[in-house]
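Engineer: Would you mind keeping the following structure in view while I ask a few things?
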Amino acid sequence: MPAPLSLSIAQARRLVLAAQGFAARPRRSALAPAHLMQVVQRLGVLQIDSVNAVVRSHYLPLFSRLGDYPHAMLDALAWGRGRERKLFEYWGHEASLLPLHLYPAMAWRMARAREGRGIYKELARFGVDQKAVVHRVLDTVREQGALGAGSLSTRQERAGPWWDWSAEKLALEWLFAAGQVTVAGRRGFERLYDLPERVIPAAILSQPIPDEARAHGELLLHAAGALGVATEKDLRDYFRLDPADTRQSLAQLIDGRQLQRCEVAGWRQPAYCLPQVRVPRRVEASALLSPFDSLVWERDRTERLFGFRYRLEIYTPAHKRVYGYYVLPFLYNERIVARVDVRAARASAELRVLAVHGEGQGLDQEALLALARQLTAMAGWLGLAAVTLECTRRPELHGLLNL
């Protein structure tokens, strides 16, 4: 058996950044939907989150890799009509947008949801105990077309905080997890549900459904391509696969030489990558990253790769936060060199920079200039007139902003 591929941590970083789409040369021509799809196909998943402190999280990874593009372009790919639609919503990593070609590979997850497996216990219980409500909601969607939970709700009392959902909302979420309805569009941020046959192209629905083992293998291969180099835990986390399913499929992929084992300096666990990978000689990139970007969402992996300890503080009480409410890592070349707490103040048309914290060796003049350019570009992309610096720790940024 040949010795496994050996990578230094610097080589691993470059391989990962290239796999995640950060090594491509900047485009000089106007962006088209095909350019967005190239990135989504590469990543396989865009995580959706409700927090809108800067912009909804699914928009930001494409900006980080491509720069300025119209939000409506992604909206059309995700929720457009007919041939415009290239993506679908489902539980990929978390709630996610995925390329349509992965729809059959998610059928096993839908089947498990119908059996009450792989979904939240409360939702699984609801599907068993409230079948009459589930059938009534499904019949209503079948008869009336795309509907949101608000238009179906029969509750009289006010909803409580967080996940105090109505019975109809729970029914829709169960049906969504089970693949009996899908997301046809959105009204604001509210999902509108319809039958899959009225949303997903017939050419996708008519494809053979792979068995669980084959689907897991397909998802693991996609994860390996998107991650560049990864441990077993990294691979299964990408599409939220179970450990037992992953171990079996991983062994088959290695036996079939679709994946190869490798070693990364400083990593305790063995790693895996696609055969015949090419490590770039260098990666020149400058990007503000969503907290839900696939480059950084697995926190232990982020620390192993970049020496960057990253934790969300959105749900941390304000007085206990270390870095801020909505903190974007700043990638510069092959390092994460800062974290930036930003907020889109739409009423005053400003991108407010509340804090900038340097990492490692800190921000030199070139990195500061790159950060200023990214902040200015982000403000323009969001339709905001200016960037305002509201922290005192980085006064040198003042002269660089809005250049």
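The chains in the structure tokens are called A, B, ... from first to last as shown; in each chain the residues are counted from 1, and the ligands are counted from 1 in the order shown.
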Apply DSSP to the structure's backbone, then extract all residues of region 223-261 of chain A labelled strand (DSSP E or B) and return them as a list in words.
Structural biologist: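 Taking region 223-261 of chain A and keeping strand (DSSP E or B) only, one gets Ala230, Thr231, Gln260 and Arg261 of chain A.
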Engineer: Would you mind exporting C-alpha atoms of the selected residues as an mmCIF file, in the first residue's frame?
Structural biologist:
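Below you can see selection-v1.cif, which holds the result:
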data_model
loop_
_atom_site.group_PDB
_atom_site.id
_atom_site.type_symbol
_atom_site.label_atom_id
_atom_site.label_comp_id
_atom_site.auth_asym_id
_atom_site.auth_seq_id
_atom_site.Cartn_x
_atom_site.Cartn_y
_atom_site.Cartn_z
ATOM 1 C CA ALA A 230 -10.833 16.832 5.724
ATOM 2 C CA THR A 231 -11.091 14.416 8.613
ATOM 3 C CA GLN A 260 -7.361 8.780 -0.662
ATOM 4 C CA ARG A 261 -5.992 8.932 2.841
#
Engineer: Residues of region 23-45 of chain A that have any atom at most 7 Å from an atom of region 96-120 of chain A: could you tabulate them with the shortest-distance atom pair and the distance in Å to one decimal, using only C-alpha atoms, ordered by chain and increasing number, as a Markdown table?
Structural biologist:
| residue | atom | partner | partner_atom | distance |
| --- | --- | --- | --- | --- |
| A:Val40 | CA | A:Pro99 | CA | 7.0 |
| A:Gln41 | CA | A:Pro99 | CA | 6.3 |
| A:Gly44 | CA | A:Leu98 | CA | 5.8 |
| A:Val45 | CA | A:Leu98 | CA | 4.8 |
Engineer: Could you turn the residues from that selection into a file that holds C-alpha atoms, as a CSV table (one decimal), in the first residue's frame?
Structural biologist:
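Generated output (out38.csv):
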chain,number,residue,atom,x,y,z
A,40,VAL,CA,-22.9,26.9,-5.5
A,41,GLN,CA,-22.1,23.7,-7.4
A,44,GLY,CA,-22.9,22.1,-2.7
A,45,VAL,CA,-24.7,24.0,0.1
Engineer: Could you give me, as an NGL selection string, each residue of region 177-375 of chain A that DSSP assigns to helix (DSSP H, G or I) when run on this structure's backbone?
Structural biologist: :A and (177 or 196-198 or 202-205 or 212-227 or 232-238 or 243-255 or 299-306 or 318-320 or 365-375)
Engineer: Using the selection just defined, write its residues with C-alpha atoms as a PDB file, in the first residue's frame.
Structural biologist:
ATOM      1  CA  ALA A 177     -38.666  17.300   6.382  1.00  0.00           C
ATOM      2  CA  PRO A 196     -42.676  18.932  -4.960  1.00  0.00           C
ATOM      3  CA  GLU A 197     -44.193  18.071  -8.341  1.00  0.00           C
ATOM      4  CA  ARG A 198     -45.214  21.717  -8.771  1.00  0.00           C
ATOM      5  CA  ALA A 202     -39.879  16.657 -13.620  1.00  0.00           C
ATOM      6  CA  ALA A 203     -36.458  15.662 -14.956  1.00  0.00           C
ATOM      7  CA  ILE A 204     -35.123  15.697 -11.376  1.00  0.00           C
ATOM      8  CA  LEU A 205     -38.110  13.918  -9.828  1.00  0.00           C
ATOM      9  CA  GLU A 212     -28.861   5.129   1.411  1.00  0.00           C
ATOM     10  CA  ALA A 213     -25.304   3.841   1.005  1.00  0.00           C
ATOM     11  CA  ARG A 214     -24.968   5.269  -2.488  1.00  0.00           C
ATOM     12  CA  ALA A 215     -26.457   8.605  -1.426  1.00  0.00           C
ATOM     13  CA  HIS A 216     -24.102   8.851   1.528  1.00  0.00           C
ATOM     14  CA  GLY A 217     -21.170   8.114  -0.767  1.00  0.00           C
ATOM     15  CA  GLU A 218     -22.269  10.822  -3.198  1.00  0.00           C
ATOM     16  CA  LEU A 219     -22.587  13.374  -0.401  1.00  0.00           C
ATOM     17  CA  LEU A 220     -19.233  12.434   1.109  1.00  0.00           C
ATOM     18  CA  LEU A 221     -17.530  12.811  -2.269  1.00  0.00           C
ATOM     19  CA  HIS A 222     -19.142  16.203  -2.737  1.00  0.00           C
ATOM     20  CA  ALA A 223     -18.014  17.209   0.748  1.00  0.00           C
ATOM     21  CA  ALA A 224     -14.452  16.047   0.014  1.00  0.00           C
ATOM     22  CA  GLY A 225     -14.358  18.126  -3.154  1.00  0.00           C
ATOM     23  CA  ALA A 226     -15.739  21.189  -1.363  1.00  0.00           C
ATOM     24  CA  LEU A 227     -13.473  20.872   1.671  1.00  0.00           C
ATOM     25  CA  GLU A 232     -13.924  11.908   8.830  1.00  0.00           C
ATOM     26  CA  LYS A 233     -15.788  14.223  11.205  1.00  0.00           C
ATOM     27  CA  ASP A 234     -15.298  17.181   8.836  1.00  0.00           C
ATOM     28  CA  LEU A 235     -16.703  15.165   5.941  1.00  0.00           C
ATOM     29  CA  ARG A 236     -19.827  13.980   7.727  1.00  0.00           C
ATOM     30  CA  ASP A 237     -20.477  17.400   9.273  1.00  0.00           C
ATOM     31  CA  TYR A 238     -20.727  19.004   5.839  1.00  0.00           C
ATOM     32  CA  PRO A 243     -21.089   8.524  12.140  1.00  0.00           C
ATOM     33  CA  ALA A 244     -22.098   4.927  11.349  1.00  0.00           C
ATOM     34  CA  ASP A 245     -23.314   5.831   7.844  1.00  0.00           C
ATOM     35  CA  THR A 246     -20.132   7.788   7.199  1.00  0.00           C
ATOM     36  CA  ARG A 247     -17.723   5.078   8.331  1.00  0.00           C
ATOM     37  CA  GLN A 248     -19.268   2.490   6.046  1.00  0.00           C
ATOM     38  CA  SER A 249     -19.419   4.750   2.991  1.00  0.00           C
ATOM     39  CA  LEU A 250     -15.953   6.167   3.632  1.00  0.00           C
ATOM     40  CA  ALA A 251     -14.415   2.705   3.660  1.00  0.00           C
ATOM     41  CA  GLN A 252     -16.120   1.901   0.347  1.00  0.00           C
ATOM     42  CA  LEU A 253     -14.902   5.137  -1.242  1.00  0.00           C
ATOM     43  CA  ILE A 254     -11.337   4.424  -0.168  1.00  0.00           C
ATOM     44  CA  ASP A 255     -11.512   0.818  -1.391  1.00  0.00           C
ATOM     45  CA  ARG A 299     -15.294  25.473  14.516  1.00  0.00           C
ATOM     46  CA  ASP A 300     -12.728  22.809  15.464  1.00  0.00           C
ATOM     47  CA  ARG A 301     -11.651  22.521  11.824  1.00  0.00           C
ATOM     48  CA  THR A 302     -11.307  26.318  11.574  1.00  0.00           C
ATOM     49  CA  GLU A 303      -8.997  26.260  14.571  1.00  0.00           C
ATOM     50  CA  ARG A 304      -6.933  23.390  13.137  1.00  0.00           C
ATOM     51  CA  LEU A 305      -6.535  25.123   9.780  1.00  0.00           C
ATOM     52  CA  PHE A 306      -6.133  28.766  10.712  1.00  0.00           C
ATOM     53  CA  ALA A 318     -24.447  41.492  25.568  1.00  0.00           C
ATOM     54  CA  HIS A 319     -22.383  41.978  28.720  1.00  0.00           C
ATOM     55  CA  LYS A 320     -20.716  38.573  28.229  1.00  0.00           C
ATOM     56  CA  GLN A 365      -0.949  48.218   6.287  1.00  0.00           C
ATOM     57  CA  GLU A 366      -1.701  46.042   3.261  1.00  0.00           C
ATOM     58  CA  ALA A 367      -4.228  43.955   5.197  1.00  0.00           C
ATOM     59  CA  LEU A 368      -5.865  47.112   6.589  1.00  0.00           C
ATOM     60  CA  LEU A 369      -6.210  48.515   3.090  1.00  0.00           C
ATOM     61  CA  ALA A 370      -7.694  45.222   1.870  1.00  0.00           C
ATOM     62  CA  LEU A 371     -10.163  45.245   4.771  1.00  0.00           C
ATOM     63  CA  ALA A 372     -11.160  48.840   4.057  1.00  0.00           C
ATOM     64  CA  ARG A 373     -11.783  47.944   0.410  1.00  0.00           C
ATOM     65  CA  GLN A 374     -13.886  44.942   1.381  1.00  0.00           C
ATOM     66  CA  LEU A 375     -15.992  47.018   3.775  1.00  0.00           C
TER      67      LEU A 375
END
Engineer: Contacts of Ala285 (chain A) at 8 Å or less, counting only C-alpha atoms, minus same-chain residues fewer than 5 places along, as a list in words?
Structural biologist: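 Residues meeting the cut-off are Phe22, Ala23, Leu331, Tyr332, Asn333 and Glu334 of chain A.
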Engineer: Restricting the calculation to only C-alpha atoms, which member of A:Tyr193, A:Tyr315, A:Tyr326, A:Trp174 is positioned closest to Phe292 (chain A)?
Structural biologist: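 Using only C-alpha atoms, the shortest distance to Phe292 (chain A) belongs to A:Tyr326.
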